[in-house]
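Structure record follows, encoded as structure tokens.
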Amino acid sequence: MDIGVPIRNLGAVDITVLKKVILEQEEDAWFEQEHRQQNYEVHKQTSSIVLLFCDDEWPDISTFKEPGWDRLADVMMPIIESILKEHYPPGGTILRAMAARLHKGGVITPHVDKRPSFHAGHRIHIPITTNPKVRFTISGKPHKFEVGQVYEINNQFTHSVMNKGKEHRIHVIFDYMPPNES
């Protein structure tokens with residue numbers, strides 16, 4: 001969604017339990033649902049544990065629970081719901097929710113999220129792990145994402161990420177479509 005600025009810091013959130021549960025996931029869990037990696041070239045160097053995902057039938061979009069739901073929903077969804085309650089109008093739809101991992105040495109090339117649901121939905125990031133060699137750029141300007149903070153990015157601006165570090169970068173990412181946006 002075009003929020004008028006490249007990024008908004010929505011404040012702090014306690015991710016202690018969520019981080020522990022995500023980091024304890026088996027390696028195979030990161031490859032259970034590879035829709036993003038198979039269909040979007042920019043996500044080839046990522047892997048995800050997906051809880052919710054939506055189809056592309058705009059505007060009659062449907063969301064589906066994915067394999068990560070059973071393992072992460074109990075800890076992730078209360079955090080997501082508290083962020084939504086504090087910052088967004090009630091009655092909307094969570095279109096996507098996942099733990100997304102940019103592999104060490106990986107790059108997400110510059111792009112704009114083009115599907116209609118990305119125009120209507122707020123894209124929120126909760127950093128779980130990062131390192132000093134991660135560079136997240138929006139409209140050509142670098143932005144530092146801190147673990148324990150919540151950010152909304154403007155996915156209608158060109159954005160990219162590179163991870164030159166020796167550790168994976170993990171963010172929880174979710175998309176929220178407010179009521180009456182479709």
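Residue numbers start at 1 in each chain; chains themselves are named A, B, ... in the order of the structure tokens; ligands are numbered from 1 in the order shown.
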Next item on the list: List every residue of region 116-153 of chain A that DSSP, applied to the backbone, labels as strand (DSSP E or B), and write the result as a list in words.
Entry: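 Strand (DSSP E or B) assignments inside region 116-153 of chain A correspond to His122, Arg123, Ile124, His125, Ile126, Pro127, Ile128, Thr129, Val134, Arg135, Phe136, Thr137, Ile138, Lys141, Pro142, His143, Gln149, Val150, Tyr151, Glu152 and Ile153 of chain A.
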Prev. selection, N, CA, C and O atoms, output as a PDB file, in the first residue's frame:
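The result, stored in result03.pdb:
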```
ATOM      1  N   HIS A 122      -1.624  -3.306   3.802  1.00  0.00           N
ATOM      2  CA  HIS A 122      -0.469  -2.783   4.534  1.00  0.00           C
ATOM      3  C   HIS A 122       0.544  -3.915   4.687  1.00  0.00           C
ATOM      4  O   HIS A 122       0.187  -5.016   5.099  1.00  0.00           O
ATOM      5  N   ARG A 123       1.813  -3.654   4.381  1.00  0.00           N
ATOM      6  CA  ARG A 123       2.876  -4.661   4.527  1.00  0.00           C
ATOM      7  C   ARG A 123       3.675  -4.345   5.780  1.00  0.00           C
ATOM      8  O   ARG A 123       4.321  -3.306   5.875  1.00  0.00           O
ATOM      9  N   ILE A 124       3.605  -5.256   6.762  1.00  0.00           N
ATOM     10  CA  ILE A 124       4.243  -5.033   8.058  1.00  0.00           C
ATOM     11  C   ILE A 124       5.365  -6.044   8.264  1.00  0.00           C
ATOM     12  O   ILE A 124       5.195  -7.237   7.980  1.00  0.00           O
ATOM     13  N   HIS A 125       6.508  -5.549   8.760  1.00  0.00           N
ATOM     14  CA  HIS A 125       7.684  -6.375   9.054  1.00  0.00           C
ATOM     15  C   HIS A 125       7.984  -6.335  10.547  1.00  0.00           C
ATOM     16  O   HIS A 125       7.981  -5.261  11.148  1.00  0.00           O
ATOM     17  N   ILE A 126       8.286  -7.497  11.102  1.00  0.00           N
ATOM     18  CA  ILE A 126       8.772  -7.612  12.477  1.00  0.00           C
ATOM     19  C   ILE A 126      10.118  -8.334  12.403  1.00  0.00           C
ATOM     20  O   ILE A 126      10.154  -9.554  12.189  1.00  0.00           O
ATOM     21  N   PRO A 127      11.221  -7.613  12.517  1.00  0.00           N
ATOM     22  CA  PRO A 127      12.523  -8.280  12.466  1.00  0.00           C
ATOM     23  C   PRO A 127      12.699  -9.254  13.637  1.00  0.00           C
ATOM     24  O   PRO A 127      12.448  -8.907  14.789  1.00  0.00           O
ATOM     25  N   ILE A 128      13.131 -10.463  13.298  1.00  0.00           N
ATOM     26  CA  ILE A 128      13.396 -11.506  14.288  1.00  0.00           C
ATOM     27  C   ILE A 128      14.901 -11.668  14.469  1.00  0.00           C
ATOM     28  O   ILE A 128      15.390 -11.763  15.584  1.00  0.00           O
ATOM     29  N   THR A 129      15.632 -11.718  13.367  1.00  0.00           N
ATOM     30  CA  THR A 129      17.094 -11.722  13.402  1.00  0.00           C
ATOM     31  C   THR A 129      17.596 -10.812  12.292  1.00  0.00           C
ATOM     32  O   THR A 129      16.954 -10.664  11.249  1.00  0.00           O
ATOM     33  N   VAL A 134      23.169  -6.465   6.760  1.00  0.00           N
ATOM     34  CA  VAL A 134      21.902  -6.463   6.033  1.00  0.00           C
ATOM     35  C   VAL A 134      21.608  -5.023   5.619  1.00  0.00           C
ATOM     36  O   VAL A 134      21.692  -4.100   6.432  1.00  0.00           O
ATOM     37  N   ARG A 135      21.253  -4.850   4.355  1.00  0.00           N
ATOM     38  CA  ARG A 135      20.929  -3.513   3.843  1.00  0.00           C
ATOM     39  C   ARG A 135      19.551  -3.580   3.193  1.00  0.00           C
ATOM     40  O   ARG A 135      19.363  -4.260   2.190  1.00  0.00           O
ATOM     41  N   PHE A 136      18.576  -2.896   3.787  1.00  0.00           N
ATOM     42  CA  PHE A 136      17.211  -2.813   3.267  1.00  0.00           C
ATOM     43  C   PHE A 136      17.058  -1.416   2.682  1.00  0.00           C
ATOM     44  O   PHE A 136      17.234  -0.426   3.388  1.00  0.00           O
ATOM     45  N   THR A 137      16.763  -1.350   1.399  1.00  0.00           N
ATOM     46  CA  THR A 137      16.686  -0.069   0.703  1.00  0.00           C
ATOM     47  C   THR A 137      15.265   0.153   0.195  1.00  0.00           C
ATOM     48  O   THR A 137      14.661  -0.761  -0.376  1.00  0.00           O
ATOM     49  N   ILE A 138      14.750   1.355   0.414  1.00  0.00           N
ATOM     50  CA  ILE A 138      13.450   1.758  -0.123  1.00  0.00           C
ATOM     51  C   ILE A 138      13.670   3.077  -0.841  1.00  0.00           C
ATOM     52  O   ILE A 138      14.207   4.026  -0.261  1.00  0.00           O
ATOM     53  N   LYS A 141      17.155   4.593  -0.637  1.00  0.00           N
ATOM     54  CA  LYS A 141      17.718   5.009   0.648  1.00  0.00           C
ATOM     55  C   LYS A 141      17.738   3.827   1.615  1.00  0.00           C
ATOM     56  O   LYS A 141      16.740   3.118   1.758  1.00  0.00           O
ATOM     57  N   PRO A 142      18.865   3.627   2.315  1.00  0.00           N
ATOM     58  CA  PRO A 142      18.949   2.505   3.257  1.00  0.00           C
ATOM     59  C   PRO A 142      18.134   2.768   4.525  1.00  0.00           C
ATOM     60  O   PRO A 142      18.034   3.902   4.986  1.00  0.00           O
ATOM     61  N   HIS A 143      17.573   1.707   5.053  1.00  0.00           N
ATOM     62  CA  HIS A 143      16.813   1.757   6.306  1.00  0.00           C
ATOM     63  C   HIS A 143      17.270   0.619   7.196  1.00  0.00           C
ATOM     64  O   HIS A 143      17.391  -0.519   6.749  1.00  0.00           O
ATOM     65  N   GLN A 149      11.343  -4.157  16.969  1.00  0.00           N
ATOM     66  CA  GLN A 149      10.541  -3.049  16.462  1.00  0.00           C
ATOM     67  C   GLN A 149       9.613  -3.583  15.378  1.00  0.00           C
ATOM     68  O   GLN A 149       9.838  -4.656  14.819  1.00  0.00           O
ATOM     69  N   VAL A 150       8.571  -2.824  15.061  1.00  0.00           N
ATOM     70  CA  VAL A 150       7.622  -3.181  14.018  1.00  0.00           C
ATOM     71  C   VAL A 150       7.633  -2.050  12.991  1.00  0.00           C
ATOM     72  O   VAL A 150       7.620  -0.870  13.366  1.00  0.00           O
ATOM     73  N   TYR A 151       7.652  -2.426  11.707  1.00  0.00           N
ATOM     74  CA  TYR A 151       7.717  -1.441  10.636  1.00  0.00           C
ATOM     75  C   TYR A 151       6.664  -1.738   9.581  1.00  0.00           C
ATOM     76  O   TYR A 151       6.420  -2.901   9.248  1.00  0.00           O
ATOM     77  N   GLU A 152       6.069  -0.681   9.052  1.00  0.00           N
ATOM     78  CA  GLU A 152       5.265  -0.817   7.839  1.00  0.00           C
ATOM     79  C   GLU A 152       6.082  -0.234   6.706  1.00  0.00           C
ATOM     80  O   GLU A 152       6.594   0.882   6.813  1.00  0.00           O
ATOM     81  N   ILE A 153       6.230  -1.010   5.640  1.00  0.00           N
ATOM     82  CA  ILE A 153       6.959  -0.487   4.491  1.00  0.00           C
ATOM     83  C   ILE A 153       5.983  -0.122   3.384  1.00  0.00           C
ATOM     84  O   ILE A 153       4.887  -0.673   3.291  1.00  0.00           O
TER      85      ILE A 153
END
```
Next item on the list: Find the spatial neighbours of Gly4 (chain A), counting only C-alpha atoms, within a cut-off of 9 Å - ignore same-chain residues fewer than 3 positions away - and output them as a VMD selection string.
Entry: chain A and resid 1 7 154
Would you output that residue set with N, CA and C atoms, as a tab-separated table (two decimals), in the first residue's frame?
```tsv
chain	number	residue	atom	x	y	z
A	1	MET	N	0.85	-1.17	0.00
A	1	MET	CA	0.00	0.00	0.00
A	1	MET	C	0.90	1.23	0.00
A	7	ILE	N	8.65	4.34	4.89
A	7	ILE	CA	8.59	3.41	6.02
A	7	ILE	C	8.01	4.13	7.23
A	154	ASN	N	6.40	0.82	2.57
A	154	ASN	CA	5.62	1.20	1.40
A	154	ASN	C	6.07	0.29	0.27
```
Margin query: Going by DSSP on the backbone, which residues of region 7-181 of chain A come out as alpha helix (DSSP H)? List them as an NGL selection string.
Written below: :A and (16-23 or 35-39 or 69-87 or 116-120)
Checklist line | Selected residue, from A:Ser117, A:Asn155, A:Thr46, A:Ser139, that lies nearest to Gly105 (chain A) when counting only C-alpha atoms | finding: A:Thr46
Checklist line | Pick from A:Tyr176, A:Lys166, A:Lys19, A:Glu24, whichever lies nearest to Thr63 (chain A) using only C-alpha atoms | finding: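 Checking each of A:Tyr176, A:Lys166, A:Lys19, A:Glu24 against Thr63 (chain A), counting only C-alpha atoms, the winner is A:Tyr176.
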